[in-house]
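Worksheet: one structure, shown below.
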Amino acid sequence: MSTTPTTSESRETEPVGPGKAELQPARLTHGTLPRRAAQLVLGAAALVGVALWLPGVLGPVAAALLAAVGYTAGIYLWSRSVEGPRKAFDRFVTAVVTSAFLLALLPLVSVLFTVFDRGFERFDAEFFTYSMRNIVGEGGGAHHALFGTLIITALAALISVPVGMLTAIYLVEYGRGRLARYITFFVDVMTGIPSIVAGLFAFALFQLFLGPAVRMGFMGAVALSVLMIPIVVRSTEEMLKLVPNELREASYALAVPKWRTIMKVVLPTAAAGIGSGVTLAIARVIGETAPLLVTVGLTTSDNFNPFDGRMATLSVFSYSQYASPGVPPEFSLDRAWAAALTLILVVMVLNLVARLIARLFAPKTR
């Protein structure tokens with residue numbers, strides 16, 4: 001009994017004529033790079049950049065740019081030869097984004113490394129327990145500046161947080177007319193004013209009542225509050241807008257007054273975001289120098305009364321030690337870098353506290 005071959009078998013056994021080209025099977029899949037291929041190429045490029053930078057062949061900027069270009073080109077060519085052009089282009093775009101992020105991160109890392117390296121030398125117990133009273137050369141510390149910074153910043157937060165939160169509550173819950181638009185406009189304007197303008201405003205305000213020679217910590221707190229209030233308003237406003245309207249409507253359906261709904265429903269729901277916004281506002285102003293130099297001035301002794309006399313702050317202390325070093329200047333420069341390191345650590349602690357507050361007050365989902 002004879003059998004007829006199938007079509008596919010016929011095509012496989014059909015001879016190729018003189019005018020016909022032989023069909024080659026198309027390759028539908030490509031190879032794949034190892035799982036850690038991008039990290040390996042990035043590490044190799046970084047090692048090459050460091051190897052060219054340390055001996056002084058290239059500067060740090062040129063070495064970083066060369067490493068970024070080498071990483072992008074290396075991962076693209078390797079992927080194109082193994083995975084094909086489509087996957088290679090995807091890896092190329094990813095490498096460009098990663099390189100841009102790392103290049104933008106380098107100045108921050110450089111600043112942190114420099115401050116820690118130069119400030120750690122005077123980061124001792126004497127620096128935190130002694131002031132600069134009767135100190136000319138070696139020794140002394142920033143005890144007076146540290147407490148001055150904490151007192152003035154706490155006063156500024158005490159002024160700014162209630163004003164900013166109440167303003168945001170009005171804009172979100174009550175403001176519907178022309179006044180709300182005016183407030184929003186002025187908050188936007190205040191967000192971008194230079195810090196020296198806030199200092200001059202506070203100085204002019206107190207000069208009208210107390211004379212031109214007045215300098216005290218409360219003036220600095222008022223100047224910093226001018227910078228803090230718009231940040232608190234904006235962050236609180238955005239957090240309040242994220243609270244679902246269904247929660248408000250459910251409260252109103254139970255005949256709860258609006259003010260109590262805001263206090264018991266809206267604010268607790270947005271407490272985590274509000275805490276983060278307040279911390280950002282404090283971090284924005286705690287390192288300001290110009291407004292405090294105008295309003296508070298500088299002193300070498302401890303002064304814990306913000307309503308009487310000049311006070312020292314870490315930012316102004318660091319600036320004065322660096323701008324007007326003593327003889328020899330090494331001791332003043334060491335104190336300036338140590339004050340800058342202390343200021344960075346204070347901001348870091350505040351951010352950690354804000355994250356803890358956000359976790360504790362976040363709405364419970366279970």
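The chains in the structure tokens are called A, B, ... from first to last as shown; in each chain the residues are counted from 1, and the ligands are counted from 1 in the order shown.
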
Set the distance at 9 Å and use only C-alpha atoms: which residues neighbour Gly137 of chain A once local chain neighbours fewer than 5 positions away are removed? I'd like the list as a ChimeraX atom specification. /A:326-332

What's around segment 91-98 of chain A at 10 Å? Count only C-alpha atoms, leave out sequence neighbours fewer than 4 positions away in its own chain, and write the answer as a PyMOL selection string. chain A and resi 38+42+68-69+71-80+85-87+102-104

Which residues are near Ser320 of chain A? Cut-off 10 Å, only C-alpha atoms, ignore same chain within fewer than 6 positions. Put them as a list in words. Leu293, Leu298, Leu314, Ser332, Leu333 and Ala336 of chain A

Given the selection you just returned, output its residues as a file containing N, CA, C and O atoms, formatted as a short mmCIF file (atom, residue, chain, number, x, y, z; two decimals), in the first residue's frame.
data_model
loop_
_atom_site.label_atom_id
_atom_site.label_comp_id
_atom_site.auth_asym_id
_atom_site.auth_seq_id
_atom_site.Cartn_x
_atom_site.Cartn_y
_atom_site.Cartn_z
N LEU A 293 22.61 86.10 60.17
CA LEU A 293 23.72 87.03 60.31
C LEU A 293 23.23 88.46 60.45
O LEU A 293 23.81 89.28 61.17
N LEU A 298 26.38 87.39 66.10
CA LEU A 298 27.26 86.33 66.59
C LEU A 298 27.82 86.71 67.95
O LEU A 298 28.08 87.88 68.22
N LEU A 314 24.92 77.52 64.39
CA LEU A 314 25.95 76.71 63.75
C LEU A 314 26.34 77.25 62.38
O LEU A 314 27.52 77.25 62.03
N SER A 332 40.76 77.44 63.45
CA SER A 332 39.46 77.99 63.08
C SER A 332 38.82 77.19 61.95
O SER A 332 37.60 76.95 61.96
N LEU A 333 39.62 76.77 60.98
CA LEU A 333 39.08 75.99 59.88
C LEU A 333 38.57 74.63 60.35
O LEU A 333 37.54 74.14 59.88
N ALA A 336 35.25 75.19 61.85
CA ALA A 336 34.24 75.46 60.83
C ALA A 336 33.75 74.17 60.20
O ALA A 336 32.53 73.97 60.03
#

Give me the residues near Glu121 of chain A as number ranges by chain, where near means some atom within 9 Å (using only C-alpha atoms) and where sequence neighbours in that chain fewer than 6 positions away do not count. A: 334-335, 337-338

For N, CA, C and O atoms, I'd like the residues from the last selection saved as a short mmCIF file (atom, residue, chain, number, x, y, z; two decimals), in the first residue's frame.
data_model
loop_
_atom_site.label_atom_id
_atom_site.label_comp_id
_atom_site.auth_asym_id
_atom_site.auth_seq_id
_atom_site.Cartn_x
_atom_site.Cartn_y
_atom_site.Cartn_z
N ASP A 334 39.29 74.03 61.31
CA ASP A 334 38.81 72.75 61.86
C ASP A 334 37.47 72.93 62.57
O ASP A 334 36.57 72.08 62.44
N ARG A 335 37.32 74.01 63.31
CA ARG A 335 36.04 74.27 63.97
C ARG A 335 34.92 74.53 62.96
O ARG A 335 33.77 74.12 63.17
N TRP A 337 34.66 73.26 59.86
CA TRP A 337 34.24 71.99 59.27
C TRP A 337 33.49 71.13 60.28
O TRP A 337 32.52 70.44 59.92
N ALA A 338 33.89 71.16 61.54
CA ALA A 338 33.16 70.39 62.56
C ALA A 338 31.75 70.93 62.76
O ALA A 338 30.80 70.16 62.96
#

If you run DSSP over the backbone, which residues in segment 80-210 of chain A end up alpha helix (DSSP H)? Put them as a VMD selection string. chain A and resid 80 to 83 85 to 119 125 to 129 143 to 169 178 to 191 195 to 210

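Restricting the calculation to only C-alpha atoms, the smallest distance between Arg118 of chain A and any of A:Ser324, A:Ala358, A:Ile193, A:Ala340 is found for A:Ala340.
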
Proximity to Pro107 of chain A - best of A:Ala64, A:Ile231, A:Leu205, A:Ile152, only C-alpha atoms: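 Nearest to Pro107 of chain A: A:Ala64.
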
Between A:Val111, A:Ile159, A:Ala51, A:Ala354, which residue has the minimum interatomic distance to Ser276 of chain A, considering only C-alpha atoms?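 For Ser276 of chain A, the nearest of the given residues is A:Ala354.
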
So, with only C-alpha atoms as the atoms that count, which of A:Phe116, A:Leu58, A:Gly177, A:Ala67 lies closest to Ala100 of chain A?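 With only C-alpha atoms as the atom set, the closest residue is A:Ala67.
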
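Excluding Gly140 of chain A itself and any same-chain residue fewer than 6 positions from it, the protein and nucleic acid residues within 9 Å of it, counting only C-alpha atoms, are A:Glu126, A:Phe127, A:Phe128, A:Thr129, A:Tyr130, A:Ser131, A:Met132, A:Arg133, A:Asn134, A:Arg335.
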
Deliver the residues from the most recent selection as a file, using C-alpha atoms, as an mmCIF file, in the first residue's frame.
data_model
loop_
_atom_site.group_PDB
_atom_site.id
_atom_site.type_symbol
_atom_site.label_atom_id
_atom_site.label_comp_id
_atom_site.auth_asym_id
_atom_site.auth_seq_id
_atom_site.Cartn_x
_atom_site.Cartn_y
_atom_site.Cartn_z
ATOM 1 C CA GLU A 126 35.403 69.544 73.911
ATOM 2 C CA PHE A 127 33.722 70.801 70.747
ATOM 3 C CA PHE A 128 30.260 70.116 72.218
ATOM 4 C CA THR A 129 30.911 71.217 75.811
ATOM 5 C CA TYR A 130 32.897 74.460 75.394
ATOM 6 C CA SER A 131 32.064 77.786 73.807
ATOM 7 C CA MET A 132 34.451 80.268 72.182
ATOM 8 C CA ARG A 133 34.607 82.577 75.192
ATOM 9 C CA ASN A 134 38.218 83.790 75.663
ATOM 10 C CA ARG A 335 36.037 74.267 63.973
#

Give me the residues within 10 Å of Met239 of chain A as a ChimeraX atom specification, counting only C-alpha atoms and dropping any in the same chain fewer than 6 places off. /A:168,172,266-267,269-274,277

Keeping only N, CA and C atoms, write those residues as a PDB file, in the first residue's frame.
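Printed below is again.pdb as written:
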ATOM      1  N   ALA A 168      -3.389  76.155  55.392  1.00  0.00           N
ATOM      2  CA  ALA A 168      -3.684  75.046  54.479  1.00  0.00           C
ATOM      3  C   ALA A 168      -5.077  74.481  54.714  1.00  0.00           C
ATOM      4  N   VAL A 172      -8.036  74.327  51.799  1.00  0.00           N
ATOM      5  CA  VAL A 172      -8.589  73.056  51.340  1.00  0.00           C
ATOM      6  C   VAL A 172     -10.045  72.893  51.767  1.00  0.00           C
ATOM      7  N   VAL A 266      -9.679  64.118  59.142  1.00  0.00           N
ATOM      8  CA  VAL A 266      -8.801  64.602  58.072  1.00  0.00           C
ATOM      9  C   VAL A 266      -7.359  64.703  58.545  1.00  0.00           C
ATOM     10  N   LEU A 267      -7.119  65.404  59.648  1.00  0.00           N
ATOM     11  CA  LEU A 267      -5.740  65.601  60.119  1.00  0.00           C
ATOM     12  C   LEU A 267      -5.054  64.291  60.525  1.00  0.00           C
ATOM     13  N   THR A 269      -5.530  61.381  59.291  1.00  0.00           N
ATOM     14  CA  THR A 269      -5.238  60.644  58.058  1.00  0.00           C
ATOM     15  C   THR A 269      -4.020  61.212  57.343  1.00  0.00           C
ATOM     16  N   ALA A 270      -3.863  62.529  57.385  1.00  0.00           N
ATOM     17  CA  ALA A 270      -2.757  63.192  56.687  1.00  0.00           C
ATOM     18  C   ALA A 270      -1.579  63.477  57.597  1.00  0.00           C
ATOM     19  N   ALA A 271      -1.576  62.967  58.834  1.00  0.00           N
ATOM     20  CA  ALA A 271      -0.536  63.322  59.801  1.00  0.00           C
ATOM     21  C   ALA A 271       0.858  62.910  59.337  1.00  0.00           C
ATOM     22  N   ALA A 272       0.967  61.750  58.705  1.00  0.00           N
ATOM     23  CA  ALA A 272       2.287  61.285  58.265  1.00  0.00           C
ATOM     24  C   ALA A 272       2.889  62.235  57.234  1.00  0.00           C
ATOM     25  N   GLY A 273       2.113  62.619  56.234  1.00  0.00           N
ATOM     26  CA  GLY A 273       2.622  63.542  55.227  1.00  0.00           C
ATOM     27  C   GLY A 273       2.880  64.926  55.777  1.00  0.00           C
ATOM     28  N   ILE A 274       2.045  65.384  56.702  1.00  0.00           N
ATOM     29  CA  ILE A 274       2.260  66.706  57.308  1.00  0.00           C
ATOM     30  C   ILE A 274       3.560  66.712  58.107  1.00  0.00           C
ATOM     31  N   GLY A 277       6.396  67.050  55.739  1.00  0.00           N
ATOM     32  CA  GLY A 277       6.488  68.404  55.215  1.00  0.00           C
ATOM     33  C   GLY A 277       7.078  69.373  56.216  1.00  0.00           C
TER      34      GLY A 277
END

Gly287 of chain A surroundings by only C-alpha atoms, 10 Å radius, close-in-sequence under 3 positions cut, as a ChimeraX atom specification: /A:149,153,282-284,290,292,313-316,340,343-344,347

Write out as a Markdown table a residue-level contact list of segment 219-325 of chain A versus segment 201-204 of chain A with cut-off 12 Å: for each qualifying residue the closest pair of atoms and the distance in Å to one decimal, counting only C-alpha atoms, rows sorted by chain and residue number upward.
| residue | atom | partner | partner_atom | distance |
| --- | --- | --- | --- | --- |
| A:Met219 | CA | A:Ala202 | CA | 6.0 |
| A:Gly220 | CA | A:Ala202 | CA | 7.5 |
| A:Ala221 | CA | A:Ala202 | CA | 9.0 |
| A:Val222 | CA | A:Ala202 | CA | 6.3 |
| A:Ala223 | CA | A:Ala202 | CA | 5.3 |
| A:Leu224 | CA | A:Ala202 | CA | 9.1 |
| A:Ser225 | CA | A:Ala202 | CA | 9.9 |
| A:Val226 | CA | A:Ala202 | CA | 8.8 |
| A:Leu227 | CA | A:Phe201 | CA | 11.3 |
| A:Ala290 | CA | A:Phe203 | CA | 11.9 |
| A:Pro291 | CA | A:Ala202 | CA | 8.5 |
| A:Leu292 | CA | A:Phe203 | CA | 9.9 |
| A:Leu293 | CA | A:Phe203 | CA | 10.5 |
| A:Val294 | CA | A:Phe203 | CA | 7.1 |
| A:Thr295 | CA | A:Phe203 | CA | 5.6 |
| A:Val296 | CA | A:Phe203 | CA | 9.2 |
| A:Gly297 | CA | A:Phe203 | CA | 11.2 |

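Straight-line separation from atom CA of Val353 of chain A to atom CA of Val278 of chain A: 11.3 Å.
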